[in-house]
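**Q** Encoded as structure tokens, here's the structure I'll be asking about.
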Amino acid sequence: MSDTRPFAITLDVGSSLANRTGDWRTERPQYVRRLPPCNHGCPAGEDIQAWLYEAESGGGGYERAWRKLVADNPLPAVMGRVCFHPCETACNRAQLDEAVGINSVERFLGDEAISAGWELPEPHAVTGKRVLVVGSGPSGLSVAYQLALRGHHVTIREQAPKPGGMMRYGIPAYRLPRDVLDAEIERILALGVQLECGERVGDLRAAMREGAYDATFLAVGAHVAKHTEIPGGTASHVLDAIAMLHGLEEGEPPQIGRTVVVYGGGDTALDAARSAKRLGASAPLIIYRRTREQMPAHATELAEAEQEGITFRWLSTIAGVDGGELKIERMELDENGFPQPTGEYERLSADTVVLALGQDADLELLGGLDGIEIVDHTVAVDEQMMTGYPGVFAGGDMVPAERMVAVAIGHGRRAARCIDGWLRDVPARPEPQAELAAFEEINPWYYSDAPRTVRPLLEEIRRQSTFEEVVKGLDEASALYEARRCLSCGNCFSCDNCFGVCPDNAVLKPGGAGAPYAFDLDYCKGCGICVTECPCGAIEMIPEET
Amino acid sequence: MSTPLPFYQTGTFAVGGRLLDEDDRAVQSDPERSNAITKGHRACQGCGEALGARVVLDAALRAADGRLVAANATGCLEVFSTPYPESSWRLPWIHSLFANAPAVATGVAAALRAKGRTDIRVVGQGGDGGTVDIGFACLSGMFERGDDVLYVCYDNQGYMNTGVQRSGATPPAARTATTEPLGGHSGNSFGQGKSAPLIAMAHEIPYVATATVADLRDLEQKVTRAMSFHGPRYIHVLVPCPLGWGSATGETILIARLAKESGLFPVFEAVEGRITSVARIRHKVAVEEYLRRQKRFAHLFAGDGRPDVLARLQTLANRNIERYGLLDDADEPTDIGLLDALATSERGPV
């Protein structure tokens with residue numbers, strides 16, 4: 001039989017592939033990258049979801065993760081210790097069980113990099129441009145790193161004997177061991193950044209002229225302690241917290257007695273009290289004029305301080321110092337939440353009072369520069385991070401912003417883009433921001449239930465007398481576990497769900513890096529199942545053009 | 001710190017995952033899967049049956065090394081896949097009548113045996129109309145004779161192809177074209193119902209299971225397990241129908257998940273007439289959450305609503321939860337024999 005037509009039919013057999021069901025569609029799906037809340041919350045501008053994605057693989061993924069991390073922040077081992085992680089506050093997983101321990105994974109990666117000796121990327125070709133950075137705190141180091149990568153020549157002037165700014169002279173060693181800090185600074189300097197310590201810049205204009213700099217980044221921080229008028233408080237046993245912490249670092253521990261009172265409610269107050277405890281004070285007392293809830297100090301630090309035996313007296317002010325006694329006035333909150341004096345006093349014995357009332361920037365170096373605007377002891381900058389004086393940029397604690405390491409690193413990163421644009425005469429444009437991946441975009445059904453791993457704390461007894469690091473890191477297994485708790489909000493993590501659930505086989509899996517799936521719009525009917533069933537909210541429907 | 005490792009973001013809840021070994025991924029995550037039904041079929045947007053049939057047959061094809069024949073009852077699955085002379089099927093496939101798919105499957109199996117081709121396996125399949133109502137005598141006969149066929153029912157709870165009429169699998173209170181909620185009637189009546197899985201168990205056949213399109217891995221595993229037995233086997237898959245149920249086309253899987261999580265559709269497997277495992281409820285929901293997303297139950301929420309009807313439906317779900325041990329703290333149901341199940345049976349899976 002030469003007739004190959006199947007038995008008993010008159011038409012040729014055909015495949016349904018001839019039927020392009022894509023014509024039915026009124027809406028089409030498309031893959032999107034939404035902004036994960038952690039990235040949105042990170043003042044340093046890290047792409048957290050992206051580096052967690054790499055870390056989730058374990059093994060070689062850790063180095064890939066670290067490389068993504070240091071693209072934005074060259075100090076991950078530092079930040080993994082001292083950051084107050086607003087990323088975790090923003091984390092969508094908190095609405096499922098607990099936020100992902102982003103900070104502890106960051107620290108794990110930072111520590112891995114130090115022990116494995118991973119190096120920062122090679123700088124681009126030399127541009128011949130020269131930039132002066134005044135101050136070697138987090139914003140100064142961050143800007144120097146980013147500018148060096150772009151091929152500019154960077155000189156950092158630092159007035160202290162060692163680099164690091166508040167990371168060295170403000171944050172005690174039990175929170176940030178100095179070998180870690182040194183290692184991460186060393187790595188930046190290895191890119192060719194020139195560091196001159198013990199060099200105070202007194203006259204910026206002169207310094208810029210002498211060094212023939214094309215641009216300057218000011219990052220002098222805020223090191224001048226604020227004072228308050230305490231009657232009788234000129235006696236020698238009143239000292240300020242910032243000088244105390246600075247002295248500790250220089251190997252000159254302050255003379256304090258057994259009963260220490262710290263006045264203030266910020267992180268510096270806690271650092272001072274916890275340091276005093278380690279120096280032999282029996283039970284340092286923190287006096288703060290508002291309530292516990294109003295304390296600007298961060299909750300984790302407060303909790304650690306309480307565990308170490310620091311005591312607190314809320315709604316109180318020091319009205320006077322008289323020999324070994326303090327006169328304490330009780331305060332009351334008015335209807336606006338402001339503390340008001342009550343006229344009720346009591347006396348408290350104390351042999352040392354430490355003032356931790358905040359700090360101001362030392363802006364003396366700006367003398368003779370026109371156009372610089374000072375707002376409330378800080379230097380105003382525009383959206384390009386530039387001061388009123390062309391070519392002079394500023395960031396960190398000396399500009400109006402929240403004072404924390406992550407913010408300073410973010411300032412440095414942003415300023416580097418702007419300075420680079422200034423040097424090339426192409427103003428930097430704001431970085432595009434994707435739509436936020438809110439919890440409502442997530443399909444939580446798909447995620448395995450998993451509680452958060454918590455970093456072990458140094459046993460309390462050891463913390464009372466030593467400056468050894470309090471919070472230990474995660475081991476590799478726990479760090480991997482923690483990384484894999486990431487929901488990957490708004491960004492595909494290759495779970496194959498869209499590929500598996502499409503009733504029309506209209507999701508293709510070409511398998512390319514970065515874009516693992518694609519829609520076959522010849523056949524996609526636009527039902528939207530892939531959108532509903534995408535665990536992480538990385539697909540959206542858009543109206544079909546008619 | 002003792003952490004159970006490895007931990008995976010989505011574990012086995014998603015279809016696949018780049019972190020999982022190949023063996024731990026679903027058949028549906030494989031770019032080389034058979035795609036037993038190919039693109040261009042004419043199923044409605046968001047069709048649960050098109051998805052369910054592909055998942056079942058791809059898994060069966062893998063289990064049978066690609067040597068598989070399917071016999072199909074009349075119904076949506078047949079109509080949308082095979083408008084003459086076009087076909088979406090990528091395996092040998094035969095359709096005869098509405099009522100006789102199990103008998104045709106039996107005949108195919110017998111013919112293959114006569115030719116000595118015992119390497120080729122046979123699947124019979126149909127919707128709930130062709131299985132629970134019209135083809136029921138043939139199905140029962142296939143069970144009773146012990147024919148070597150896996151029969152799969154894709155249950156969308158009505159005659160959807162012909163315009164959404166009531167079937168023996170339509171749940172109580174649902175609106176269909178033949179159970180309009182008029183004059184005080186609240187849709188389909190509360191009756192004894194007809195649970196095809198329990199009836200299949202009564203035939204003491206080697207393997208019976210229920211599943212939904214909300215858990216593709218569970219469905220695949222049941223198909224694979226069924227293919228490891230010889231003799232008659234039965235799998236009953238809940239496949240939501242956006243057209244007939246009045247649900248959003250993108251919510252097909254979500255609706256199936258809510259059916260299972262509310263307890264209205266118990267997911268279990270049974271060997272030789274005894275239930276051996278159940279899929280536990282992971283996040284329990286009230287039946288209302290399931291019902292509200294479907295226009296076929298809209299009359300229960302219109303005006304003052306019908307809290308009395310809702311309460312009866314919730315009672316059905318609660319009975320399933322208790323009978324099948326669907327909650328985490330429940331005892332394993334391994335000792336539930338068919339007679340125990342039948343003794344309390346007013347109504348099977350809704």
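Letters for chains follow the order of the structure tokens (A, B, ...), residue numbers begin at 1 for each chain, and ligand numbers begin at 1 in the order shown.
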Define the interface residues of chain A facing chain B as those within 6 Å, counting only C-alpha atoms, and report them as number ranges by chain.
**A** A: 13-17, 19-21, 446-448, 481, 484-485, 494-497, 500, 503-505, 525, 527-529
**Q** Using only C-alpha atoms, determine which residues lie at most 12 Å from Tyr159 in chain B, disregarding the query and same-chain residues fewer than 3 positions distant; provide the list as a PyMOL selection string.
**A** chain B and resi 74-77+98+126-134+154-156+162-170+176-178+241+243-245
**Q** Restrict the selected residues to N, CA, C and O atoms and save them as a compact mmCIF listing (two decimals), in the first residue's frame.
**A**
```
# COMPACT_ATOMS: atom_id res chain seq x y z
N THR B 74 -15.42 10.72 26.02
CA THR B 74 -15.90 12.01 25.52
C THR B 74 -15.88 13.01 26.66
O THR B 74 -16.04 12.65 27.82
N GLY B 75 -15.68 14.26 26.31
CA GLY B 75 -15.66 15.29 27.35
C GLY B 75 -14.76 16.42 26.91
O GLY B 75 -14.21 16.41 25.80
N CYS B 76 -14.61 17.40 27.78
CA CYS B 76 -13.74 18.53 27.46
C CYS B 76 -12.39 18.07 26.94
O CYS B 76 -11.91 18.51 25.91
N LEU B 77 -11.79 17.14 27.67
CA LEU B 77 -10.41 16.73 27.37
C LEU B 77 -10.31 16.21 25.94
O LEU B 77 -9.33 16.46 25.25
N PHE B 98 -18.71 8.24 24.95
CA PHE B 98 -18.73 8.84 26.26
C PHE B 98 -18.64 7.77 27.36
O PHE B 98 -17.93 7.90 28.34
N GLY B 126 -10.89 10.28 31.65
CA GLY B 126 -12.09 11.01 31.31
C GLY B 126 -12.41 12.03 32.39
O GLY B 126 -11.73 12.10 33.42
N GLY B 127 -13.45 12.82 32.11
CA GLY B 127 -13.88 13.78 33.11
C GLY B 127 -14.79 13.12 34.12
O GLY B 127 -15.01 11.91 34.08
N ASP B 128 -15.32 13.92 35.04
CA ASP B 128 -16.18 13.31 36.06
C ASP B 128 -17.49 12.82 35.45
O ASP B 128 -18.02 11.80 35.88
N GLY B 129 -17.99 13.49 34.40
CA GLY B 129 -19.22 13.02 33.77
C GLY B 129 -19.03 11.64 33.17
O GLY B 129 -19.78 10.71 33.44
N GLY B 130 -17.97 11.51 32.38
CA GLY B 130 -17.70 10.24 31.71
C GLY B 130 -17.30 9.15 32.68
O GLY B 130 -17.39 7.96 32.36
N THR B 131 -16.85 9.50 33.85
CA THR B 131 -16.36 8.51 34.80
C THR B 131 -17.41 8.16 35.86
O THR B 131 -17.82 7.02 36.03
N VAL B 132 -17.87 9.20 36.56
CA VAL B 132 -18.71 8.98 37.73
C VAL B 132 -20.15 8.65 37.33
O VAL B 132 -20.85 7.92 38.03
N ASP B 133 -20.60 9.21 36.16
CA ASP B 133 -21.96 8.96 35.72
C ASP B 133 -22.01 8.00 34.53
O ASP B 133 -22.28 6.83 34.68
N ILE B 134 -21.67 8.52 33.35
CA ILE B 134 -21.99 7.82 32.12
C ILE B 134 -21.17 6.55 31.93
O ILE B 134 -21.66 5.53 31.48
N TYR B 154 -10.42 13.17 35.72
CA TYR B 154 -10.16 14.60 35.94
C TYR B 154 -11.49 15.23 36.33
O TYR B 154 -12.37 15.41 35.50
N ASP B 155 -11.60 15.54 37.60
CA ASP B 155 -12.89 15.92 38.18
C ASP B 155 -13.02 17.44 38.21
O ASP B 155 -12.38 18.11 39.02
N ASN B 156 -13.86 17.98 37.29
CA ASN B 156 -14.16 19.42 37.39
C ASN B 156 -15.59 19.65 37.85
O ASN B 156 -16.14 20.73 37.69
N THR B 162 -20.57 20.77 27.75
CA THR B 162 -21.90 20.93 27.15
C THR B 162 -22.65 22.11 27.76
O THR B 162 -23.83 22.29 27.50
N GLY B 163 -22.00 22.89 28.63
CA GLY B 163 -22.65 24.08 29.15
C GLY B 163 -22.90 24.05 30.63
O GLY B 163 -23.87 24.61 31.12
N VAL B 164 -22.05 23.37 31.36
CA VAL B 164 -22.05 23.40 32.82
C VAL B 164 -23.33 22.83 33.42
O VAL B 164 -24.13 23.54 34.05
N GLN B 165 -23.57 21.54 33.14
CA GLN B 165 -24.69 20.87 33.82
C GLN B 165 -24.17 20.06 35.01
O GLN B 165 -22.99 19.74 35.09
N ARG B 166 -25.09 19.75 35.90
CA ARG B 166 -24.77 19.00 37.09
C ARG B 166 -24.32 17.57 36.74
O ARG B 166 -24.86 16.92 35.85
N SER B 167 -23.31 17.07 37.48
CA SER B 167 -22.94 15.66 37.38
C SER B 167 -23.04 15.04 38.77
O SER B 167 -23.33 15.73 39.74
N GLY B 168 -22.77 13.76 38.84
CA GLY B 168 -22.77 13.09 40.14
C GLY B 168 -21.65 13.56 41.03
O GLY B 168 -21.61 13.24 42.22
N ALA B 169 -20.72 14.33 40.47
CA ALA B 169 -19.61 14.83 41.27
C ALA B 169 -19.77 16.31 41.63
O ALA B 169 -18.90 16.89 42.26
N THR B 170 -20.88 16.91 41.21
CA THR B 170 -21.10 18.33 41.55
C THR B 170 -21.36 18.46 43.05
O THR B 170 -22.16 17.71 43.60
N THR B 176 -25.27 25.17 38.86
CA THR B 176 -24.95 24.75 37.50
C THR B 176 -26.16 25.13 36.65
O THR B 176 -27.17 25.63 37.18
N ALA B 177 -26.08 24.86 35.34
CA ALA B 177 -27.21 25.21 34.47
C ALA B 177 -28.45 24.43 34.85
O ALA B 177 -29.57 24.86 34.58
N THR B 178 -28.28 23.29 35.50
CA THR B 178 -29.43 22.46 35.88
C THR B 178 -29.71 22.50 37.37
O THR B 178 -30.58 21.80 37.86
N CYS B 241 -12.31 24.39 37.14
CA CYS B 241 -12.74 24.84 35.82
C CYS B 241 -13.16 26.30 35.93
O CYS B 241 -14.23 26.60 36.45
N LEU B 243 -14.34 28.34 33.87
CA LEU B 243 -15.61 28.64 33.19
C LEU B 243 -16.79 28.18 34.02
O LEU B 243 -17.70 28.95 34.32
N GLY B 244 -16.78 26.93 34.43
CA GLY B 244 -17.93 26.36 35.12
C GLY B 244 -18.03 26.78 36.58
O GLY B 244 -19.11 26.79 37.16
N TRP B 245 -16.90 27.09 37.16
CA TRP B 245 -16.91 27.44 38.58
C TRP B 245 -16.99 28.96 38.79
O TRP B 245 -17.18 29.42 39.90
```
**Q** Which distance in Å separates CA of Glu346 in chain A and CA of Gln359 in chain A, to one decimal?
**A**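 Interatomic distance, CA of Glu346 in chain A to CA of Gln359 in chain A: 28.5 Å.
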**Q** Tell me, which residues of range 274-497 of chain A carry DSSP alpha helix (DSSP H), written as an MDAnalysis selection string?
**A** chainID A and resid 274:278 299:307 405:424 460:463 476:483 497
**Q** Can you write out the residues you just picked, keeping C-alpha atoms, as an mmCIF file, in the first residue's frame?
**A**
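Heads up, here's the output in out-v1.cif:
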```cif
data_model
loop_
_atom_site.group_PDB
_atom_site.id
_atom_site.type_symbol
_atom_site.label_atom_id
_atom_site.label_comp_id
_atom_site.auth_asym_id
_atom_site.auth_seq_id
_atom_site.Cartn_x
_atom_site.Cartn_y
_atom_site.Cartn_z
ATOM 1 C CA ARG A 274 29.464 48.726 78.540
ATOM 2 C CA SER A 275 33.089 49.837 78.282
ATOM 3 C CA ALA A 276 32.974 51.187 81.855
ATOM 4 C CA LYS A 277 31.716 47.813 83.009
ATOM 5 C CA ARG A 278 34.701 46.158 81.377
ATOM 6 C CA ALA A 299 17.228 47.643 70.372
ATOM 7 C CA THR A 300 19.847 44.932 69.909
ATOM 8 C CA GLU A 301 22.504 46.985 71.650
ATOM 9 C CA LEU A 302 20.109 47.859 74.439
ATOM 10 C CA ALA A 303 19.299 44.191 74.975
ATOM 11 C CA GLU A 304 22.979 43.230 75.070
ATOM 12 C CA ALA A 305 23.691 46.032 77.552
ATOM 13 C CA GLU A 306 20.907 44.847 79.839
ATOM 14 C CA GLN A 307 22.262 41.308 79.718
ATOM 15 C CA VAL A 405 28.035 53.267 59.359
ATOM 16 C CA ALA A 406 25.716 51.970 56.650
ATOM 17 C CA VAL A 407 24.512 55.476 55.820
ATOM 18 C CA ALA A 408 28.107 56.680 55.597
ATOM 19 C CA ILE A 409 29.075 53.851 53.261
ATOM 20 C CA GLY A 410 26.045 54.667 51.125
ATOM 21 C CA HIS A 411 27.076 58.323 51.022
ATOM 22 C CA GLY A 412 30.517 57.317 49.821
ATOM 23 C CA ARG A 413 29.075 55.078 47.136
ATOM 24 C CA ARG A 414 26.675 57.731 45.891
ATOM 25 C CA ALA A 415 29.237 60.523 46.103
ATOM 26 C CA ALA A 416 31.722 58.476 44.070
ATOM 27 C CA ARG A 417 29.238 58.278 41.177
ATOM 28 C CA CYS A 418 28.660 62.009 41.417
ATOM 29 C CA ILE A 419 32.348 62.914 41.733
ATOM 30 C CA ASP A 420 33.139 60.646 38.805
ATOM 31 C CA GLY A 421 30.442 62.445 36.803
ATOM 32 C CA TRP A 422 31.839 65.826 37.892
ATOM 33 C CA LEU A 423 35.344 64.841 36.832
ATOM 34 C CA ARG A 424 34.119 63.662 33.436
ATOM 35 C CA GLU A 460 28.001 36.898 79.754
ATOM 36 C CA ILE A 461 30.670 36.416 82.387
ATOM 37 C CA ARG A 462 33.437 36.845 79.843
ATOM 38 C CA ARG A 463 31.989 40.059 78.533
ATOM 39 C CA GLU A 476 29.093 27.640 57.373
ATOM 40 C CA ALA A 477 26.108 25.323 57.632
ATOM 41 C CA SER A 478 24.044 27.874 59.532
ATOM 42 C CA ALA A 479 25.011 30.693 57.174
ATOM 43 C CA LEU A 480 23.922 28.611 54.196
ATOM 44 C CA TYR A 481 20.670 27.766 55.937
ATOM 45 C CA GLU A 482 20.085 31.423 56.722
ATOM 46 C CA ALA A 483 20.835 32.507 53.138
ATOM 47 C CA ASN A 497 7.113 26.780 38.921
#
```
**Q** Please, what distance in Å, to one decimal, runs between CA of Asp148 in chain B and CA of Ala99 in chain B?
**A** 18.9 Å
